[in-house]
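First up is the structure itself, then whatever we jot down about it.
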Amino acid sequence: MTSAPQSNSAGQNFDPWYSSYASRTRGLTVSEVRALFAVASRPEVVSLAGGSPFVEALPDERVRAAFDRMMAESGPNALQYGGGQGLPQLRERILDLVALEGITGVSPDDVVTTTGSQQALDLVSKLFLDPGDVVLAESPSYVGALGTFKSYEAEIRHLEMDADGLDPEQLTNTIHALRAEGKQIKFLYTVPNYNNPTGVTMSAQRRQEILDICLRENVLILEDNPYGLLYFDEPAPNSIRALNESHVIYLGSFSKILSPGVRVGFVIAPHAVREKLILAVESSILSPSMLNQYLVTEYLEGTDWQAQIDTFRGIYRERRDALLGAMEEHLPQLSWTTPMGGFFSWVDLPPQLDSKQMLPRAVKELVAYTPGTGFYADGRGHTQLRLSFSLPTPDRIRQGVRRLATVINDELELLETFGDLGSPAAEAARFDQAPPDLR
């Protein structure tokens with residue numbers, strides 16, 4: 001006779017395996033961005049939410065030619081297993097890429113290819129994080145990284161940023177305070193170029209200051225740089241990894257400069273860390289996809305990929321200008337960042353508004369954004385939101401901002417009329433109509 005599943009003492013749970021999961025699964029939660037994809041993909045919705053690249057700008061014939069060359073010259077190998085460190089030819093080409101970020105004096109042996117840089121985040125977390133360890137992260141920070149760190153039961157401590165990036169004084173004070181508490185700091189996570197979600201770029205002076213602090217305090221730096229080559233006017237300063245090789249793990253990706261569909265990323269790490277990363281790759285997936293690695297290699301060797309990146313820069317610059325111009329026209333009472341590259345602008349709302357509560361109303365008005373709450377591990381972000389300008393056309397961006405302005409101005413009008421938006425009268429006014437169908 002089979003016994004009935006034990007009930008969850010914290011309340012009713014309909015998953016019969018709830019009590020069997022490892023404790024670390026408590027850190028697995030649906031991200032704000034992923035939850036938006038189903039809604040934002042509806043054609044009538046202008047999505048200023050997810051940071052998807054405009055892959056339609058890739059010349060179809062070049063991609064097809066790269067695929068045909070790959071199959072003609074390397075087909076059997078591309079369809080086979082490979083090594084955990086990744087394809088040697090691709091690791092050679094990656095050196096050309098990172099040289100543009102100031103990283104020189106490295107060899108293909110210093111590179112480990114991964115299934116996107118998201119896997120690299122997971123592998124580094126697996127290697128370094130025990131439950132209760134601390135990760136220092138920008139405030140706000142990339143939602144995918146926060147989710148990964150939390151899945152390994154890490155404690156995330158946010159550090160404030162200004163227009164030049166991380167605040168060095170707060171970094172020092174936080175390190176000292178955490179150590180006084182007996183906490184184990186494992187690394188500082190940063191997206192220094194066109195930060196996701198803020199669009200802020202860390203200045204050259206600030207990079208050196210942050211590095212000097214981490215060297216003095218013996219804190220490892222995890223530098224995540226998917227957007228670095230997508231500058232609009234002037235290149236970003238050299239990477240932090242270009243300044244130091246012993247205290248920096250560098251993550252890169254082809255998702256933004258080629259295609260997220262190829263799922264190819266890479267890590268440049270100190271020797272001992274690199275060896276453990278290879279073992280972790282082999283333990284996790286045996287090897288990254290050889291087919292995708294050969295395809296990226298053929299693309300890099302057979303096309304003018306730098307000219308293509310320059311094409312992307314022009315497209316994203318035009319779309320950034322469309323977003324900021326529309327914000328200035330329709331929402332001049334707000335403040336936002338002016339990114340010098342990448343995909344995102346970060347918007348501050350009036351303190352009485354809540355970006356997460358406002359989202360269903362925005363979707364009803366056929367515009368989507370990402371609430372700021374997804375980019376914090378400590379519950380902040382309700383008065384902030386992220387706007388992405390990478391995917392919609394300039395006309396669609398302007399249309400989306402007009403719709404967003406309608407939502408925000410209506411919310412402010414309700415506040416003026418009813419006072420506290422949490423009051424019964426205000427709630428009844430806000431949800432007088434049926435909620436949007438989010439299926």
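Starting from 1 in every chain, residues are counted up; chains themselves are A, B, ... following the order of the structure tokens, and ligands are numbered from 1 as listed.
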Could you give me, as a Markdown table, every region 27-138 of chain A residue with an atom at most 12 Å from region 266-289 of chain A, plus its closest atom pair and distance in Å to one decimal, counting only C-alpha atoms, rows ordered by chain then number?
| residue | atom | partner | partner_atom | distance |
| --- | --- | --- | --- | --- |
| A:Asn77 | CA | A:Ser289 | CA | 10.9 |
| A:Ala78 | CA | A:Ser289 | CA | 8.2 |
| A:Leu79 | CA | A:Ser289 | CA | 8.6 |
| A:Gln80 | CA | A:Ser289 | CA | 8.8 |
| A:Tyr81 | CA | A:Ser287 | CA | 6.8 |
| A:Gly82 | CA | A:Ser287 | CA | 5.6 |
| A:Gly83 | CA | A:Ser287 | CA | 5.5 |
| A:Gly84 | CA | A:Ser287 | CA | 4.4 |
| A:Gln85 | CA | A:Ile278 | CA | 5.4 |
| A:Gly86 | CA | A:Pro288 | CA | 6.4 |
| A:Leu87 | CA | A:Pro288 | CA | 8.7 |
| A:Leu90 | CA | A:Phe266 | CA | 10.0 |
| A:Arg91 | CA | A:Phe266 | CA | 8.6 |
| A:Glu92 | CA | A:Phe266 | CA | 11.9 |
| A:Arg93 | CA | A:Phe266 | CA | 11.5 |
| A:Ile94 | CA | A:Phe266 | CA | 8.3 |
| A:Leu95 | CA | A:Ile268 | CA | 9.9 |
| A:Leu97 | CA | A:Phe266 | CA | 11.2 |
| A:Val98 | CA | A:Ile268 | CA | 9.6 |
| A:Ile103 | CA | A:Ile268 | CA | 9.8 |
| A:Thr104 | CA | A:Ile268 | CA | 11.4 |
| A:Gly105 | CA | A:Ile268 | CA | 11.8 |
| A:Val106 | CA | A:Ile268 | CA | 8.7 |
| A:Ser107 | CA | A:Ile268 | CA | 9.7 |
| A:Pro108 | CA | A:Ile268 | CA | 9.3 |
| A:Asp109 | CA | A:Arg274 | CA | 9.0 |
| A:Asp110 | CA | A:Ile268 | CA | 5.7 |
| A:Val111 | CA | A:Ile268 | CA | 4.8 |
| A:Val112 | CA | A:Val267 | CA | 5.2 |
| A:Thr113 | CA | A:Phe266 | CA | 4.1 |
| A:Thr114 | CA | A:Phe266 | CA | 5.2 |
| A:Thr115 | CA | A:Pro288 | CA | 5.8 |
| A:Gly116 | CA | A:Phe266 | CA | 7.2 |
| A:Ser117 | CA | A:Phe266 | CA | 6.2 |
| A:Gln118 | CA | A:Phe266 | CA | 9.7 |
| A:Gln119 | CA | A:Val281 | CA | 8.9 |
| A:Ala120 | CA | A:Val267 | CA | 6.7 |
| A:Leu121 | CA | A:Val267 | CA | 9.4 |
| A:Asp122 | CA | A:Ala280 | CA | 9.8 |
| A:Leu123 | CA | A:Ala280 | CA | 6.5 |
| A:Val124 | CA | A:Leu277 | CA | 7.3 |
| A:Ser125 | CA | A:Leu277 | CA | 10.5 |
| A:Lys126 | CA | A:Ala280 | CA | 8.2 |
| A:Leu127 | CA | A:Lys276 | CA | 7.5 |
| A:Phe128 | CA | A:Val273 | CA | 9.8 |
Please provide as a PyMOL selection string all residues within 6 Å of region 352-367 of chain A, with the sequence filter that same-chain residues fewer than 4 positions apart are discarded (counting only C-alpha atoms). chain A and resi 45-47+371+382-383+400+407+436
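Remark: for Gly381 (chain A), the closest of the candidate residues A:Leu291, A:Leu251, A:Ala242, A:Leu349 is A:Leu349 (distances computed over only C-alpha atoms).
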Please identify all polymer residues within 12 Å of Ile185 (chain A), counting only C-alpha atoms, omitting same-chain residues fewer than 3 positions from it, and present them as a ChimeraX atom specification. /A:128-137,154-157,171,174-182,188-189,214,217-221
Keeping only N, CA and C atoms, take the residues you just selected and write them out as an mmCIF file, in the first residue's frame.
data_model
loop_
_atom_site.group_PDB
_atom_site.id
_atom_site.type_symbol
_atom_site.label_atom_id
_atom_site.label_comp_id
_atom_site.auth_asym_id
_atom_site.auth_seq_id
_atom_site.Cartn_x
_atom_site.Cartn_y
_atom_site.Cartn_z
ATOM 1 N N PHE A 128 32.873 28.061 -6.251
ATOM 2 C CA PHE A 128 33.280 28.946 -5.154
ATOM 3 C C PHE A 128 32.274 29.057 -4.009
ATOM 4 N N LEU A 129 30.999 28.844 -4.265
ATOM 5 C CA LEU A 129 29.998 29.228 -3.266
ATOM 6 C C LEU A 129 29.531 28.059 -2.412
ATOM 7 N N ASP A 130 29.691 28.214 -1.107
ATOM 8 C CA ASP A 130 29.047 27.362 -0.116
ATOM 9 C C ASP A 130 27.865 28.134 0.469
ATOM 10 N N PRO A 131 26.885 27.440 1.037
ATOM 11 C CA PRO A 131 25.757 28.138 1.651
ATOM 12 C C PRO A 131 26.231 29.170 2.672
ATOM 13 N N GLY A 132 25.687 30.380 2.556
ATOM 14 C CA GLY A 132 26.030 31.447 3.483
ATOM 15 C C GLY A 132 27.185 32.313 3.050
ATOM 16 N N ASP A 133 27.942 31.900 2.018
ATOM 17 C CA ASP A 133 29.010 32.754 1.499
ATOM 18 C C ASP A 133 28.425 34.031 0.907
ATOM 19 N N VAL A 134 29.243 35.070 0.845
ATOM 20 C CA VAL A 134 28.779 36.371 0.374
ATOM 21 C C VAL A 134 29.322 36.667 -1.016
ATOM 22 N N VAL A 135 28.421 37.140 -1.881
ATOM 23 C CA VAL A 135 28.794 37.710 -3.172
ATOM 24 C C VAL A 135 28.499 39.201 -3.114
ATOM 25 N N LEU A 136 29.479 40.010 -3.428
ATOM 26 C CA LEU A 136 29.278 41.448 -3.549
ATOM 27 C C LEU A 136 28.817 41.743 -4.971
ATOM 28 N N ALA A 137 27.802 42.577 -5.114
ATOM 29 C CA ALA A 137 27.252 42.855 -6.444
ATOM 30 C C ALA A 137 26.779 44.296 -6.514
ATOM 31 N N ALA A 154 23.935 31.562 -1.701
ATOM 32 C CA ALA A 154 24.828 32.652 -1.316
ATOM 33 C C ALA A 154 24.019 33.825 -0.784
ATOM 34 N N GLU A 155 24.657 34.629 0.027
ATOM 35 C CA GLU A 155 24.095 35.897 0.487
ATOM 36 C C GLU A 155 24.634 36.987 -0.430
ATOM 37 N N ILE A 156 23.758 37.815 -0.963
ATOM 38 C CA ILE A 156 24.173 38.871 -1.888
ATOM 39 C C ILE A 156 24.114 40.213 -1.178
ATOM 40 N N ARG A 157 25.235 40.915 -1.165
ATOM 41 C CA ARG A 157 25.292 42.258 -0.596
ATOM 42 C C ARG A 157 25.504 43.250 -1.743
ATOM 43 N N LEU A 171 32.613 49.908 -1.054
ATOM 44 C CA LEU A 171 33.206 48.581 -1.229
ATOM 45 C C LEU A 171 34.131 48.255 -0.063
ATOM 46 N N THR A 174 32.133 47.873 3.222
ATOM 47 C CA THR A 174 31.331 46.646 3.248
ATOM 48 C C THR A 174 32.206 45.422 3.487
ATOM 49 N N ILE A 175 33.356 45.373 2.845
ATOM 50 C CA ILE A 175 34.284 44.252 3.060
ATOM 51 C C ILE A 175 34.663 44.163 4.536
ATOM 52 N N HIS A 176 35.018 45.310 5.126
ATOM 53 C CA HIS A 176 35.427 45.309 6.536
ATOM 54 C C HIS A 176 34.268 44.918 7.441
ATOM 55 N N ALA A 177 33.080 45.429 7.141
ATOM 56 C CA ALA A 177 31.919 45.114 7.981
ATOM 57 C C ALA A 177 31.568 43.627 7.901
ATOM 58 N N LEU A 178 31.618 43.059 6.698
ATOM 59 C CA LEU A 178 31.296 41.645 6.547
ATOM 60 C C LEU A 178 32.306 40.762 7.267
ATOM 61 N N ARG A 179 33.560 41.122 7.185
ATOM 62 C CA ARG A 179 34.577 40.323 7.868
ATOM 63 C C ARG A 179 34.457 40.458 9.384
ATOM 64 N N ALA A 180 34.049 41.617 9.850
ATOM 65 C CA ALA A 180 33.813 41.784 11.283
ATOM 66 C C ALA A 180 32.651 40.903 11.745
ATOM 67 N N GLU A 181 31.706 40.626 10.833
ATOM 68 C CA GLU A 181 30.588 39.729 11.138
ATOM 69 C C GLU A 181 30.982 38.256 11.012
ATOM 70 N N GLY A 182 32.207 38.001 10.565
ATOM 71 C CA GLY A 182 32.646 36.631 10.360
ATOM 72 C C GLY A 182 32.183 36.025 9.045
ATOM 73 N N LEU A 188 33.560 39.602 -5.949
ATOM 74 C CA LEU A 188 32.801 40.773 -6.368
ATOM 75 C C LEU A 188 32.345 40.543 -7.797
ATOM 76 N N TYR A 189 31.048 40.631 -8.032
ATOM 77 C CA TYR A 189 30.494 40.471 -9.381
ATOM 78 C C TYR A 189 30.179 41.849 -9.959
ATOM 79 N N CYS A 214 40.386 45.378 -4.179
ATOM 80 C CA CYS A 214 40.245 43.921 -4.176
ATOM 81 C C CYS A 214 41.595 43.224 -4.033
ATOM 82 N N GLU A 217 42.481 43.663 -0.302
ATOM 83 C CA GLU A 217 41.611 42.879 0.576
ATOM 84 C C GLU A 217 41.527 41.413 0.169
ATOM 85 N N ASN A 218 42.233 41.046 -0.921
ATOM 86 C CA ASN A 218 42.246 39.674 -1.427
ATOM 87 C C ASN A 218 40.833 39.178 -1.742
ATOM 88 N N VAL A 219 40.140 39.957 -2.568
ATOM 89 C CA VAL A 219 38.798 39.607 -3.039
ATOM 90 C C VAL A 219 38.867 39.359 -4.540
ATOM 91 N N LEU A 220 38.378 38.226 -4.976
ATOM 92 C CA LEU A 220 38.334 37.875 -6.386
ATOM 93 C C LEU A 220 37.293 38.735 -7.100
ATOM 94 N N ILE A 221 37.563 39.093 -8.360
ATOM 95 C CA ILE A 221 36.620 39.859 -9.176
ATOM 96 C C ILE A 221 36.088 38.961 -10.286
#
To one decimal place, how far is CA of Tyr227 (chain A) from CA of Glu329 (chain A) in Å? 27.7 Å
Any chance you could list, as an NGL selection string, the residues in region 42-234 of chain A that come up alpha helix (DSSP H) when DSSP is run on the backbone? :A and (60-78 or 88-99 or 116-128 or 143-151 or 168-180 or 204-217)
What does the distance between CA of Val191 (chain A) and CA of Glu101 (chain A) come to in Å, to one decimal place?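 Those two atoms sit 13.7 Å apart.
Note that CA of Leu100 (chain A) and CA of Leu146 (chain A) are 27.9 Å apart.
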All residues 7 Å or closer to Phe254 (chain A), only C-alpha atoms, same chain fewer than 4 positions away omitted, as an NGL selection string: :A and (258-260 or 264-265)
